[in-house]
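Colleague: Below you'll find query33.cif; it's mmCIF, C-alpha atoms; chains and numbers go by the auth columns.
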data_protein
#
loop_
_atom_site.group_PDB
_atom_site.id
_atom_site.type_symbol
_atom_site.label_atom_id
_atom_site.label_comp_id
_atom_site.label_asym_id
_atom_site.label_seq_id
_atom_site.Cartn_x
_atom_site.Cartn_y
_atom_site.Cartn_z
_atom_site.B_iso_or_equiv
_atom_site.auth_seq_id
_atom_site.auth_asym_id
ATOM 1 C CA MET A 1 148.049 127.405 70.060 0.00 1 A
ATOM 2 C CA GLU A 2 146.085 128.709 73.023 0.00 2 A
ATOM 3 C CA PRO A 3 148.288 128.323 76.127 0.00 3 A
ATOM 4 C CA GLY A 4 145.576 127.340 78.563 0.00 4 A
ATOM 5 C CA ARG A 5 144.377 129.064 81.709 0.00 5 A
ATOM 6 C CA MET A 6 145.778 129.914 85.120 0.00 6 A
ATOM 7 C CA ALA A 7 144.421 128.727 88.465 0.00 7 A
ATOM 8 C CA LEU A 8 145.276 129.004 92.146 0.00 8 A
ATOM 9 C CA SER A 9 145.349 125.953 94.411 0.00 9 A
ATOM 10 C CA THR A 10 143.633 126.391 97.763 0.00 10 A
ATOM 11 C CA LEU A 11 146.570 124.533 99.306 0.00 11 A
ATOM 12 C CA GLY A 12 148.123 127.989 99.483 0.00 12 A
ATOM 13 C CA THR A 13 145.155 129.603 101.229 0.00 13 A
ATOM 14 C CA PRO A 14 144.557 127.587 104.431 0.00 14 A
ATOM 15 C CA GLU A 15 143.523 130.709 106.335 0.00 15 A
ATOM 16 C CA ARG A 16 140.939 131.759 103.735 0.00 16 A
ATOM 17 C CA SER A 17 137.490 130.430 102.978 0.00 17 A
ATOM 18 C CA LEU A 18 136.720 129.047 99.549 0.00 18 A
ATOM 19 C CA ALA A 19 134.930 132.270 98.665 0.00 19 A
ATOM 20 C CA GLU A 20 137.921 134.354 99.781 0.00 20 A
ATOM 21 C CA ALA A 21 140.321 132.157 97.814 0.00 21 A
ATOM 22 C CA ALA A 22 138.139 132.489 94.725 0.00 22 A
ATOM 23 C CA ARG A 23 138.176 136.285 94.997 0.00 23 A
ATOM 24 C CA LEU A 24 141.956 136.278 95.513 0.00 24 A
ATOM 25 C CA ALA A 25 142.400 134.164 92.387 0.00 25 A
ATOM 26 C CA ALA A 26 140.144 136.425 90.349 0.00 26 A
ATOM 27 C CA ASP A 27 141.859 139.594 91.567 0.00 27 A
ATOM 28 C CA ALA A 28 145.228 138.147 90.502 0.00 28 A
ATOM 29 C CA GLY A 29 143.942 137.488 86.990 0.00 29 A
ATOM 30 C CA CYS A 30 143.351 133.763 87.342 0.00 30 A
ATOM 31 C CA ASP A 31 140.545 131.956 85.542 0.00 31 A
ATOM 32 C CA GLY A 32 140.144 129.114 87.995 0.00 32 A
ATOM 33 C CA LEU A 33 140.582 127.600 91.419 0.00 33 A
ATOM 34 C CA GLU A 34 142.117 124.223 92.201 0.00 34 A
ATOM 35 C CA ILE A 35 140.036 123.079 95.170 0.00 35 A
ATOM 36 C CA ARG A 36 141.727 120.960 97.808 0.00 36 A
ATOM 37 C CA VAL A 37 139.580 118.327 99.533 0.00 37 A
ATOM 38 C CA HIS A 38 140.064 119.532 103.074 0.00 38 A
ATOM 39 C CA GLY A 39 138.137 121.405 105.745 0.00 39 A
ATOM 40 C CA GLU A 40 134.921 122.787 104.305 0.00 40 A
ATOM 41 C CA VAL A 41 135.442 120.806 101.078 0.00 41 A
ATOM 42 C CA ARG A 42 134.461 117.158 101.538 0.00 42 A
ATOM 43 C CA PRO A 43 132.414 114.591 99.608 0.00 43 A
ATOM 44 C CA ASP A 44 129.296 115.093 101.750 0.00 44 A
ATOM 45 C CA MET A 45 129.338 118.889 101.523 0.00 45 A
ATOM 46 C CA ASP A 46 126.519 121.025 100.177 0.00 46 A
ATOM 47 C CA HIS A 47 128.107 122.029 96.888 0.00 47 A
ATOM 48 C CA ARG A 48 125.703 124.865 96.128 0.00 48 A
ATOM 49 C CA ALA A 49 127.459 127.457 98.285 0.00 49 A
ATOM 50 C CA ALA A 50 130.805 126.548 96.737 0.00 50 A
ATOM 51 C CA ARG A 51 129.463 126.899 93.214 0.00 51 A
ATOM 52 C CA ALA A 52 127.924 130.234 94.153 0.00 52 A
ATOM 53 C CA ALA A 53 131.257 131.427 95.563 0.00 53 A
ATOM 54 C CA LEU A 54 133.066 130.516 92.361 0.00 54 A
ATOM 55 C CA ALA A 55 130.423 132.135 90.192 0.00 55 A
ATOM 56 C CA GLY A 56 130.412 135.246 92.357 0.00 56 A
ATOM 57 C CA ALA A 57 134.160 135.658 91.877 0.00 57 A
ATOM 58 C CA GLY A 58 133.971 134.846 88.177 0.00 58 A
ATOM 59 C CA VAL A 59 136.288 131.827 88.318 0.00 59 A
ATOM 60 C CA GLU A 60 135.843 128.163 87.425 0.00 60 A
ATOM 61 C CA ALA A 61 136.663 124.995 89.310 0.00 61 A
ATOM 62 C CA ALA A 62 139.796 123.882 87.477 0.00 62 A
ATOM 63 C CA CYS A 63 140.429 120.729 89.490 0.00 63 A
ATOM 64 C CA LEU A 64 139.358 118.921 92.655 0.00 64 A
ATOM 65 C CA ALA A 65 142.591 118.031 94.477 0.00 65 A
ATOM 66 C CA GLY A 66 141.859 114.749 96.205 0.00 66 A
ATOM 67 C CA TYR A 67 144.128 112.544 98.279 0.00 67 A
ATOM 68 C CA ALA A 68 143.132 109.092 97.077 0.00 68 A
ATOM 69 C CA LYS A 69 146.092 106.833 96.244 0.00 69 A
ATOM 70 C CA VAL A 70 145.448 104.611 93.243 0.00 70 A
ATOM 71 C CA CYS A 71 148.444 102.363 94.042 0.00 71 A
ATOM 72 C CA ALA A 72 147.892 102.190 97.798 0.00 72 A
ATOM 73 C CA PRO A 73 148.550 98.823 99.409 0.00 73 A
ATOM 74 C CA GLY A 74 145.558 96.803 100.505 0.00 74 A
ATOM 75 C CA PRO A 75 142.223 95.836 98.968 0.00 75 A
ATOM 76 C CA ASP A 76 140.797 97.616 95.951 0.00 76 A
ATOM 77 C CA GLU A 77 137.329 98.461 97.223 0.00 77 A
ATOM 78 C CA PRO A 78 138.212 101.250 99.698 0.00 78 A
ATOM 79 C CA VAL A 79 140.240 102.983 96.997 0.00 79 A
ATOM 80 C CA VAL A 80 137.449 102.588 94.453 0.00 80 A
ATOM 81 C CA GLU A 81 134.907 103.978 96.914 0.00 81 A
ATOM 82 C CA GLU A 82 137.101 106.998 97.615 0.00 82 A
ATOM 83 C CA LEU A 83 137.592 107.606 93.898 0.00 83 A
ATOM 84 C CA ARG A 84 133.849 107.435 93.281 0.00 84 A
ATOM 85 C CA ALA A 85 133.197 109.912 96.078 0.00 85 A
ATOM 86 C CA LEU A 86 135.712 112.340 94.584 0.00 86 A
ATOM 87 C CA ILE A 87 134.281 111.958 91.088 0.00 87 A
ATOM 88 C CA GLY A 88 130.803 112.661 92.406 0.00 88 A
ATOM 89 C CA LEU A 89 131.962 115.766 94.256 0.00 89 A
ATOM 90 C CA ALA A 90 133.873 117.034 91.222 0.00 90 A
ATOM 91 C CA SER A 91 130.772 116.631 89.108 0.00 91 A
ATOM 92 C CA ARG A 92 128.637 118.561 91.593 0.00 92 A
ATOM 93 C CA LEU A 93 131.217 121.343 91.825 0.00 93 A
ATOM 94 C CA GLY A 94 131.604 121.552 88.061 0.00 94 A
ATOM 95 C CA ALA A 95 135.287 120.580 88.219 0.00 95 A
ATOM 96 C CA PRO A 96 136.481 118.810 85.054 0.00 96 A
ATOM 97 C CA ASN A 97 139.437 117.127 86.783 0.00 97 A
ATOM 98 C CA VAL A 98 140.157 115.103 89.930 0.00 98 A
ATOM 99 C CA ARG A 99 143.757 114.933 91.152 0.00 99 A
ATOM 100 C CA VAL A 100 144.924 111.733 92.875 0.00 100 A
ATOM 101 C CA PHE A 101 148.297 110.331 93.962 0.00 101 A
ATOM 102 C CA PRO A 102 150.020 107.018 93.113 0.00 102 A
ATOM 103 C CA GLY A 103 150.939 106.262 96.743 0.00 103 A
ATOM 104 C CA GLY A 104 152.293 102.730 96.528 0.00 104 A
ATOM 105 C CA ASP A 105 153.070 99.758 94.338 0.00 105 A
ATOM 106 C CA ALA A 106 149.707 97.988 94.159 0.00 106 A
ATOM 107 C CA PRO A 107 148.244 97.670 90.657 0.00 107 A
ATOM 108 C CA ALA A 108 146.290 100.798 89.796 0.00 108 A
ATOM 109 C CA GLY A 109 144.715 99.351 86.671 0.00 109 A
ATOM 110 C CA PRO A 110 141.768 97.482 88.214 0.00 110 A
ATOM 111 C CA ARG A 111 140.899 100.417 90.445 0.00 111 A
ATOM 112 C CA ILE A 112 140.932 102.956 87.645 0.00 112 A
ATOM 113 C CA ALA A 113 139.050 100.581 85.364 0.00 113 A
ATOM 114 C CA ALA A 114 136.358 100.222 88.016 0.00 114 A
ATOM 115 C CA VAL A 115 135.635 103.980 87.963 0.00 115 A
ATOM 116 C CA LEU A 116 135.950 104.547 84.218 0.00 116 A
ATOM 117 C CA PRO A 117 132.161 104.329 83.774 0.00 117 A
ATOM 118 C CA ASP A 118 131.771 106.914 86.545 0.00 118 A
ATOM 119 C CA LEU A 119 134.294 109.214 84.889 0.00 119 A
ATOM 120 C CA ARG A 120 132.572 108.929 81.528 0.00 120 A
ATOM 121 C CA ALA A 121 129.112 109.493 82.971 0.00 121 A
ATOM 122 C CA ALA A 122 130.255 112.527 84.972 0.00 122 A
ATOM 123 C CA GLY A 123 132.421 114.021 82.244 0.00 123 A
ATOM 124 C CA VAL A 124 135.310 114.134 84.706 0.00 124 A
ATOM 125 C CA ARG A 125 138.967 113.266 84.119 0.00 125 A
ATOM 126 C CA LEU A 126 141.152 111.439 86.652 0.00 126 A
ATOM 127 C CA LEU A 127 144.628 112.969 86.964 0.00 127 A
ATOM 128 C CA VAL A 128 147.459 110.957 88.503 0.00 128 A
ATOM 129 C CA GLU A 129 150.077 113.378 89.822 0.00 129 A
ATOM 130 C CA THR A 130 153.817 112.911 89.320 0.00 130 A
ATOM 131 C CA HIS A 131 154.361 112.308 93.022 0.00 131 A
ATOM 132 C CA ASP A 132 155.600 109.960 95.773 0.00 132 A
ATOM 133 C CA THR A 133 156.175 106.448 94.335 0.00 133 A
ATOM 134 C CA HIS A 134 155.771 107.587 90.708 0.00 134 A
ATOM 135 C CA PRO A 135 157.463 111.009 90.656 0.00 135 A
ATOM 136 C CA THR A 136 158.596 111.159 87.031 0.00 136 A
ATOM 137 C CA GLY A 137 156.625 111.583 83.854 0.00 137 A
ATOM 138 C CA ALA A 138 157.750 108.175 82.678 0.00 138 A
ATOM 139 C CA ALA A 139 156.550 106.479 85.868 0.00 139 A
ATOM 140 C CA ALA A 140 153.192 108.264 85.964 0.00 140 A
ATOM 141 C CA ALA A 141 152.591 107.630 82.275 0.00 141 A
ATOM 142 C CA ARG A 142 152.864 103.888 82.839 0.00 142 A
ATOM 143 C CA LEU A 143 149.815 104.066 85.121 0.00 143 A
ATOM 144 C CA VAL A 144 147.547 105.778 82.589 0.00 144 A
ATOM 145 C CA GLU A 145 148.789 104.623 79.171 0.00 145 A
ATOM 146 C CA PRO A 146 146.976 101.245 79.265 0.00 146 A
ATOM 147 C CA PHE A 147 143.632 103.054 79.183 0.00 147 A
ATOM 148 C CA ALA A 148 144.431 104.993 75.983 0.00 148 A
ATOM 149 C CA GLU A 149 141.679 107.411 76.985 0.00 149 A
ATOM 150 C CA PRO A 150 143.403 110.696 77.918 0.00 150 A
ATOM 151 C CA ASP A 151 140.109 112.568 78.052 0.00 151 A
ATOM 152 C CA ARG A 152 139.202 110.438 81.092 0.00 152 A
ATOM 153 C CA VAL A 153 142.528 109.252 82.588 0.00 153 A
ATOM 154 C CA ALA A 154 145.654 111.391 82.359 0.00 154 A
ATOM 155 C CA VAL A 155 148.579 112.897 84.296 0.00 155 A
ATOM 156 C CA LEU A 156 149.101 116.044 86.325 0.00 156 A
ATOM 157 C CA TRP A 157 152.700 117.237 85.932 0.00 157 A
ATOM 158 C CA ASP A 158 154.010 118.744 89.159 0.00 158 A
ATOM 159 C CA ALA A 159 157.009 120.868 88.103 0.00 159 A
ATOM 160 C CA LEU A 160 159.095 119.909 91.123 0.00 160 A
ATOM 161 C CA HIS A 161 159.068 116.138 91.448 0.00 161 A
ATOM 162 C CA PRO A 162 160.181 114.863 88.011 0.00 162 A
ATOM 163 C CA TRP A 163 163.049 117.351 87.962 0.00 163 A
ATOM 164 C CA ARG A 164 164.294 116.541 91.448 0.00 164 A
ATOM 165 C CA HIS A 165 164.305 112.863 90.491 0.00 165 A
ATOM 166 C CA GLY A 166 166.546 113.511 87.483 0.00 166 A
ATOM 167 C CA GLU A 167 164.045 113.928 84.645 0.00 167 A
ATOM 168 C CA THR A 168 164.424 117.083 82.543 0.00 168 A
ATOM 169 C CA PRO A 169 161.288 119.049 81.593 0.00 169 A
ATOM 170 C CA ALA A 170 161.779 118.054 77.965 0.00 170 A
ATOM 171 C CA ASP A 171 161.941 114.383 78.942 0.00 171 A
ATOM 172 C CA THR A 172 158.866 114.718 81.170 0.00 172 A
ATOM 173 C CA ARG A 173 156.896 116.274 78.334 0.00 173 A
ATOM 174 C CA ALA A 174 158.018 113.573 75.906 0.00 174 A
ATOM 175 C CA ALA A 175 157.162 110.792 78.345 0.00 175 A
ATOM 176 C CA LEU A 176 153.654 112.135 78.959 0.00 176 A
ATOM 177 C CA GLY A 177 152.753 112.814 75.342 0.00 177 A
ATOM 178 C CA PRO A 178 148.966 113.001 74.909 0.00 178 A
ATOM 179 C CA HIS A 179 148.462 112.031 78.553 0.00 179 A
ATOM 180 C CA LEU A 180 149.516 115.442 79.917 0.00 180 A
ATOM 181 C CA ALA A 181 146.381 117.199 81.135 0.00 181 A
ATOM 182 C CA TYR A 182 147.421 119.680 83.849 0.00 182 A
ATOM 183 C CA PHE A 183 150.545 121.481 85.069 0.00 183 A
ATOM 184 C CA GLN A 184 151.377 122.725 88.573 0.00 184 A
ATOM 185 C CA VAL A 185 153.924 125.531 88.609 0.00 185 A
ATOM 186 C CA LYS A 186 156.100 125.754 91.698 0.00 186 A
ATOM 187 C CA ASP A 187 159.670 126.512 92.674 0.00 187 A
ATOM 188 C CA ALA A 188 161.997 125.344 95.454 0.00 188 A
ATOM 189 C CA VAL A 189 165.364 126.160 96.963 0.00 189 A
ATOM 190 C CA SER A 190 167.012 123.102 95.387 0.00 190 A
ATOM 191 C CA ALA A 191 166.443 119.474 94.466 0.00 191 A
ATOM 192 C CA GLN A 192 167.559 118.534 97.985 0.00 192 A
ATOM 193 C CA ASP A 193 165.862 121.375 99.856 0.00 193 A
ATOM 194 C CA THR A 194 162.291 121.466 98.612 0.00 194 A
ATOM 195 C CA THR A 195 161.263 124.489 100.683 0.00 195 A
ATOM 196 C CA PRO A 196 158.974 126.468 98.361 0.00 196 A
ATOM 197 C CA VAL A 197 159.975 129.873 97.033 0.00 197 A
ATOM 198 C CA PRO A 198 158.050 132.133 94.649 0.00 198 A
ATOM 199 C CA PRO A 199 158.300 130.969 91.036 0.00 199 A
ATOM 200 C CA GLY A 200 161.477 132.288 89.460 0.00 200 A
ATOM 201 C CA GLU A 201 163.430 132.564 92.717 0.00 201 A
ATOM 202 C CA GLY A 202 164.519 128.932 93.094 0.00 202 A
ATOM 203 C CA ALA A 203 166.217 126.124 91.232 0.00 203 A
ATOM 204 C CA VAL A 204 163.317 124.469 89.388 0.00 204 A
ATOM 205 C CA PRO A 205 163.934 125.053 85.641 0.00 205 A
ATOM 206 C CA LEU A 206 160.670 126.847 84.933 0.00 206 A
ATOM 207 C CA ASP A 207 161.948 128.366 81.679 0.00 207 A
ATOM 208 C CA GLU A 208 162.591 124.831 80.443 0.00 208 A
ATOM 209 C CA CYS A 209 159.114 123.845 81.575 0.00 209 A
ATOM 210 C CA ALA A 210 157.622 126.734 79.589 0.00 210 A
ATOM 211 C CA ALA A 211 159.535 125.644 76.496 0.00 211 A
ATOM 212 C CA ALA A 212 158.382 122.043 76.944 0.00 212 A
ATOM 213 C CA LEU A 213 154.759 123.194 77.258 0.00 213 A
ATOM 214 C CA ALA A 214 154.821 125.360 74.132 0.00 214 A
ATOM 215 C CA ASP A 215 152.790 122.827 72.131 0.00 215 A
ATOM 216 C CA TRP A 216 150.276 122.150 74.906 0.00 216 A
ATOM 217 C CA SER A 217 147.085 123.760 76.143 0.00 217 A
ATOM 218 C CA GLY A 218 145.531 123.116 79.541 0.00 218 A
ATOM 219 C CA TRP A 219 145.118 124.322 83.099 0.00 219 A
ATOM 220 C CA VAL A 220 148.168 125.630 84.944 0.00 220 A
ATOM 221 C CA SER A 221 147.934 126.148 88.706 0.00 221 A
ATOM 222 C CA LEU A 222 150.127 127.519 91.462 0.00 222 A
ATOM 223 C CA GLU A 223 150.578 125.133 94.379 0.00 223 A
ATOM 224 C CA TRP A 224 152.008 127.018 97.387 0.00 224 A
ATOM 225 C CA GLU A 225 152.488 124.432 100.127 0.00 225 A
ATOM 226 C CA ARG A 226 151.788 126.460 103.273 0.00 226 A
ATOM 227 C CA PRO A 227 150.297 123.578 105.297 0.00 227 A
ATOM 228 C CA TRP A 228 153.488 121.530 104.874 0.00 228 A
ATOM 229 C CA TYR A 229 155.845 124.477 105.468 0.00 229 A
ATOM 230 C CA PRO A 230 154.313 126.570 108.288 0.00 230 A
ATOM 231 C CA GLY A 231 157.043 129.201 108.030 0.00 231 A
ATOM 232 C CA LEU A 232 155.978 130.240 104.538 0.00 232 A
ATOM 233 C CA GLY A 233 154.401 133.621 104.026 0.00 233 A
ATOM 234 C CA PRO A 234 150.992 134.189 102.437 0.00 234 A
ATOM 235 C CA VAL A 235 150.339 133.152 98.858 0.00 235 A
ATOM 236 C CA ASP A 236 149.929 136.698 97.505 0.00 236 A
ATOM 237 C CA ALA A 237 153.527 137.331 96.355 0.00 237 A
ATOM 238 C CA PRO A 238 154.066 133.802 94.973 0.00 238 A
ATOM 239 C CA LEU A 239 150.757 134.128 93.118 0.00 239 A
ATOM 240 C CA ARG A 240 151.891 137.344 91.444 0.00 240 A
ATOM 241 C CA ALA A 241 155.127 135.616 90.430 0.00 241 A
ATOM 242 C CA ALA A 242 153.240 132.586 89.088 0.00 242 A
ATOM 243 C CA VAL A 243 150.887 134.758 87.053 0.00 243 A
ATOM 244 C CA GLY A 244 153.924 136.591 85.655 0.00 244 A
ATOM 245 C CA TRP A 245 155.512 133.270 84.670 0.00 245 A
ATOM 246 C CA PHE A 246 152.242 132.144 83.109 0.00 246 A
ATOM 247 C CA GLU A 247 151.943 135.330 81.056 0.00 247 A
ATOM 248 C CA GLN A 248 155.452 134.839 79.678 0.00 248 A
ATOM 249 C CA TYR A 249 154.693 131.200 78.896 0.00 249 A
ATOM 250 C CA ALA A 250 151.441 132.215 77.196 0.00 250 A
ATOM 251 C CA GLN A 251 153.234 134.748 75.026 0.00 251 A
ATOM 252 C CA ARG A 252 155.799 132.137 74.001 0.00 252 A
ATOM 253 C CA SER A 253 153.097 129.579 73.222 0.00 253 A
ATOM 254 C CA SER A 254 151.081 131.959 71.060 0.00 254 A
ATOM 255 C CA ALA A 255 154.073 133.331 69.173 0.00 255 A
#
Output the structure of this file as structure tokens.
Modeller:
Amino acid sequence: MEPGRMALSTLGTPERSLAEAARLAADAGCDGLEIRVHGEVRPDMDHRAARAALAGAGVEAACLAGYAKVCAPGPDEPVVEELRALIGLASRLGAPNVRVFPGGDAPAGPRIAAVLPDLRAAGVRLLVETHDTHPTGAAAARLVEPFAEPDRVAVLWDALHPWRHGETPADTRAALGPHLAYFQVKDAVSAQDTTPVPPGEGAVPLDECAAALADWSGWVSLEWERPWYPGLGPVDAPLRAAVGWFEQYAQRSSA
């Protein structure tokens, strides 16, 4: 089975423009860029320059990393409007995926159902990340399973959060089943100290993740959380480590 493709998240490049991040990703051997909705990237942006920057570097838009919270408390309409804005931007950028967070305990179903026609029309998939109030594969899967439409509504598996909440990579993979659509590789000092370290230098069981992903094909991205940890160094060394991990995973998957 083809193992998928590697991308770099612009979360790790706050000091670089989108064009510079795209060139960095390409130079490291990545096929794509995970584009964070922040700074120059916003729903009302002129997308043409961004698409030109990606094309110029020879990389694709792997995912639009939005910050909408499908389970946020409060009325549905503001959440639905934010989701629609993200879907529209993803479509204009040529990104096949939009990442969102759970972010609460309100019912996500009506909100996701409201934008299903938008997702279908745009050819975009909504990815709920294993994060905050729904950090495990089992919890995130419960949000998307009712739709039984993994080409439009699925889960982004963040390597850190399920594991630090007691779910093994094998259990995460089993819980997500056909709803797994994207994987973020990252490493941390420990389950208690989530300070990022380059992949392979921390406690996150990335070898177990690679084994769990052996039957899966999709985008893999490095998320290096510099904005949340100002003391972190540049993304260059972690990116090399992530690409090395990805190459080993790819070899295992194609064996």
Colleague: Using only C-alpha atoms - which residues lie no farther than 12 Å from the point (157.4, 106.4, 84.5) in the file's frame? Write them as a ChimeraX atom specification.
Modeller: /A:102,128-145,155,157,162,165-167,171-176
Colleague: The PyMOL selection byres ((chain A and resi 71) around 7) on the file shown: which residues, as an MDAnalysis selection string?
Modeller: chainID A and resid 69:70 72:73 102:108
Colleague: Hey, can you check how far CA of Arg48 in chain A sits from CA of Glu20 in chain A?
Modeller: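 Computing it gives 15.9 Å between the two atoms.
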Colleague: Would you mind telling me which residue in A:Val41, A:Leu18, A:Ala114, A:Ala181 lies nearest to Asn97 in chain A when using all atoms listed in the file?
Modeller: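 Checking each candidate against Asn97 in chain A, we get A:Ala181 as the closest.
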Colleague: Which residues of range 118-180 of chain A sit at most 10 Å from range 54-67 of chain A, using only C-alpha atoms? Give each one's shortest atom pair and distance in Å (one decimal place), in chain and ascending residue order, as a Markdown table.
Modeller:
| residue | atom | partner | partner_atom | distance |
| --- | --- | --- | --- | --- |
| A:Val124 | CA | A:Cys63 | CA | 9.6 |
| A:Arg125 | CA | A:Cys63 | CA | 9.3 |
| A:Leu126 | CA | A:Cys63 | CA | 9.7 |
| A:Leu127 | CA | A:Cys63 | CA | 9.2 |
| A:Glu129 | CA | A:Ala65 | CA | 10.0 |
Colleague: Take the residues just selected and output them with C-alpha atoms as a short mmCIF file (atom, residue, chain, number, x, y, z; two decimals), in the frame of the given file.
Modeller:
data_model
loop_
_atom_site.label_atom_id
_atom_site.label_comp_id
_atom_site.auth_asym_id
_atom_site.auth_seq_id
_atom_site.Cartn_x
_atom_site.Cartn_y
_atom_site.Cartn_z
CA VAL A 124 135.31 114.13 84.71
CA ARG A 125 138.97 113.27 84.12
CA LEU A 126 141.15 111.44 86.65
CA LEU A 127 144.63 112.97 86.96
CA GLU A 129 150.08 113.38 89.82
#
Colleague: Check the smallest atom-to-atom distance from each of A:Arg111, A:Trp216, A:Ala49, A:Pro43 to Pro75 in chain A using all atoms listed in the file, then report the winner.
Modeller: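 When distances to Pro75 in chain A are compared using all atoms listed in the file, the smallest one comes from A:Arg111.
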Colleague: List as a ChimeraX atom specification the residues having at least one atom at most 10 Å from position (141.7, 119.5, 97.0) as given in the file, counting only C-alpha atoms.
Modeller: /A:9-11,33-39,41-42,63-67,86,98-100
Colleague: Could you write out as a ChimeraX atom specification the residues that the PyMOL selection byres ((chain A and resi 221) around 10) matches in the shown file?
Modeller: /A:5-9,30-34,62-63,158,182-186,218-220,222-224,239,242-243,246
